[in-house]
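One structure is given below, encoded as structure tokens.
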Amino acid sequence: MTAESDDEACGPGATVPLGVVPEPSARLVARGETPVVTSWNQPFADRFDPADDEPRLRDVLHGVTADSAAVCSAVAAGESVEVTVDRPGARDATLRVQTRDDGDRLVGWLFVTPRTGPGIDTVASTLSHDLRNPLDVAKAHLEAASEGSTEPHLGQVAEAHDRMEQIIRNVLALARDEESLSTSPDVDVERVAREAWAAVETGDASLSVADPPSAVEADPDSLRRLFENLFRNSVEHGATGSRDTRSPDDGVEHAPTDGEPVEIRVGAAADGLFVADDGAGIDAAEHSHVFDPGYAGDADGTGLGLTIVARIARLHGWTVTLTRDDGGARFEFRGVTDGRDG
Amino acid sequence: MAELRADEPSVLMIDDEKRVADAYALRLKDVADVTVAYGGEAALDAMEAAETPPDVALIDRHMPGLSGDEVLAELRDAGLATRAVMVTAVDPDLAVLDLPFDDYLCKPVERDDLRAVVDQQCRVLAYELLGEYFSVESKRAVIESELRPERLADHDEFAAMTERRARLRTRVERLHPEAEALFERFDGVDREGY
């Protein structure tokens with residue numbers, strides 16, 4: 001069987017030839033209990049490099065997703081499934097298999113679609129919400145400056161503008177896709193972390209970088225933004241933020257009771273790196289929500305900071321987990337390619 | 001109709017973002033006595049500590065901890081004579097049908113609009129308090145005219161009513177520039193008959 005079988009209809013509706021589908025797509029049939037791929041388009045061939053004319057689905061998916069056996073069993077049973085593609089190089093994508101029982105045989109279609117970030121409506125809503133506050137602050141101080149002394153009002157206007165710029169940068173970071181990453185094989189983690197620290201208002205907080213991976217494969221700009229957002233989260237919610245009146249179950253990192261400045265650590269974790277602080281942490285029940293866009297109490301007030309952290313991690317093919325570390329918050333990134341190995 | 005402008009109405013600005021709360025206070029400082037509360041809990045503390053409730057509360061909705069909607073509910077439950085204006089970046093939806101606010105401003109807000117809303121709410125509050133004052137004062141006056149002073153001297157309920165009347169009168173005088181003329185007209189009515 002060849003690639004680009006334009007005569008093969010694609011999808012349960014059987015209306016679109018495989019050849020015109022821009023994303024990797026293929027057609028399946030069940031040979032007995034075994035789903036096999038019978039035709040595919042060029043993007044599929046480029047990505048999966050099928051070994052023979054009618055490869056088993058299981059062989060195609062081997063190494064593409066950890067769930068390949070489960071996917072094959074589900075397809076053989078006539079189910080439609082959706083899993084994350086976790087093969088390096090095929091990051092940030094979703095694999096869907098749809099099936100249809102044709103009576104005497106089971107047929108199916110496989111699609112790989114890029115996984116998108118938060119929906120445009122979510123981002124637009126968050127953006128419009130979050131720009132309004134600094135806009136109001138800037139307007140108020142401009143009015144005051146125009147009627148009297150410019151001090152300290154112009155400084156406040158500049159600060160509000162910085163905040164708006166930060167919000168815009170974060171939204172742009174969120175909108176980036178895998179192709180826009182400019183990955184280098186040996187990014188100096190400590191240097192990038194310290195650059196990020198210098199770009200954040202850290203107050204009395206301190207940073208300690210202890211034996212992180214010396215070099216990792218990453219997009220340096222994105223890694224810096226990842227650090228910036230994590231540092232901001234720790235600094236503003238770990239100890240010195242104005243939100244120290246939150247109830248204990250609000251899912252936001254709570255100020256330490258002793259009022260001490262927060263200490264943030266960057267170091268090596270198994271198969272990756274971590275960023276942790278000694279703040280009061282985030283309640284475990286909230287861990288699954290903190291990366292959601294618009295999550296209340298996000299450090300920069302945009303509600304996007306931790307969403308961007310998760311997005312950048314995913315674009316790199318890393319996983320991010322949030323745990324408690326000695327009471328504080330610990331963000332751990334795994335699947336990071338050590339530059340020394342390359 | 002003569003323009004009504006309150007004499008330094010008291011405003012409580014509630015927003016968890018310090019810079020935002022301070023910016024709103026800055027916009028109102030020439031026309032109101034503004035207190036700021038950087039969060040819902042701080043707002044309740046401020047209202048509890050105040051001798052007189054604020055004339056107007058400007059309440060951000062999207063706050064961690066105690067939200068603006070919860071602050072509004074607490075304010076209403078306490079029965080405070082405070083006009084409540086939601087000032088928020090949260091776009092309203094059908095849920096606002098159940099919120100007992102008096103006005104709703106979507107950020108960003110122009111300074112003139114902010115001041116106009118505070119002024120409008122003070123105008124409404126002045127008449128509300130005036131009506132309450134007339135109610136209390138009519139009772140107090142009729143009782144005082146019928147009963148001997150010595151009988152009222154140790155009457156706790158009458159004393160509380162008299163105190164309430166004084167507080168209402170002071171507040172109306174602060175909020176309504178024509179308060180004295182209105183009081184005189186009210187006092188000029190013969191309620192005692194023969």
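Residue numbering restarts at 1 for every chain of the structure tokens, chains are lettered A, B, ... in their displayed order, and ligands are numbered from 1 as they appear.
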Residue hits in chain B, query chain A, radius 12 Å, only C-alpha atoms, as an MDAnalysis selection string: chainID B and resid 15:30 37:43 45 60:67 87:92 106:112 114
Which of range 22-85 of chain B DSSP labels alpha helix (DSSP H), written as a VMD selection string: chain B and resid 22 to 28 40 to 49 68 to 77
Non-local contacts of range 267-276 of chain A (10 Å; only C-alpha atoms; under 4 positions in same chain excluded) as JSON, numbers by chain: {"A": [189, 190, 193, 207, 208, 209, 210, 211, 212, 213, 214, 216, 227, 230, 231, 234, 263, 281, 318, 319, 320, 321, 322, 323, 324, 325, 326, 328, 329, 330, 331, 332, 333, 334, 335, 336, 337, 338]}
Taken to one decimal, the CA of Asp53 in chain A-CA of Asn41 in chain A distance is 12.9 Å
Based on DSSP run over this structure's backbone, return all residues of range 21-125 of chain B in strand (DSSP E or B), as an mmCIF file with C-alpha atoms, in the first residue's frame.
data_model
loop_
_atom_site.group_PDB
_atom_site.id
_atom_site.type_symbol
_atom_site.label_atom_id
_atom_site.label_comp_id
_atom_site.auth_asym_id
_atom_site.auth_seq_id
_atom_site.Cartn_x
_atom_site.Cartn_y
_atom_site.Cartn_z
ATOM 1 C CA ASP B 33 -13.365 60.649 52.538
ATOM 2 C CA VAL B 34 -11.987 57.353 51.214
ATOM 3 C CA THR B 35 -10.913 54.316 53.175
ATOM 4 C CA VAL B 36 -9.282 51.444 51.298
ATOM 5 C CA ALA B 37 -9.498 47.749 52.100
ATOM 6 C CA VAL B 56 -20.807 54.051 49.556
ATOM 7 C CA ALA B 57 -18.872 50.809 49.198
ATOM 8 C CA LEU B 58 -17.045 50.280 45.899
ATOM 9 C CA ILE B 59 -16.522 46.545 45.645
ATOM 10 C CA ARG B 83 -24.921 51.959 48.966
ATOM 11 C CA ALA B 84 -23.053 49.156 47.208
ATOM 12 C CA VAL B 85 -21.445 49.619 43.808
ATOM 13 C CA MET B 86 -19.640 46.752 42.132
ATOM 14 C CA VAL B 87 -16.508 48.035 40.381
ATOM 15 C CA THR B 88 -15.051 45.175 38.489
ATOM 16 C CA ASP B 103 -24.877 50.011 40.702
ATOM 17 C CA TYR B 104 -22.348 48.166 38.572
ATOM 18 C CA LEU B 105 -19.286 49.675 36.937
ATOM 19 C CA CYS B 106 -17.097 47.754 34.507
#
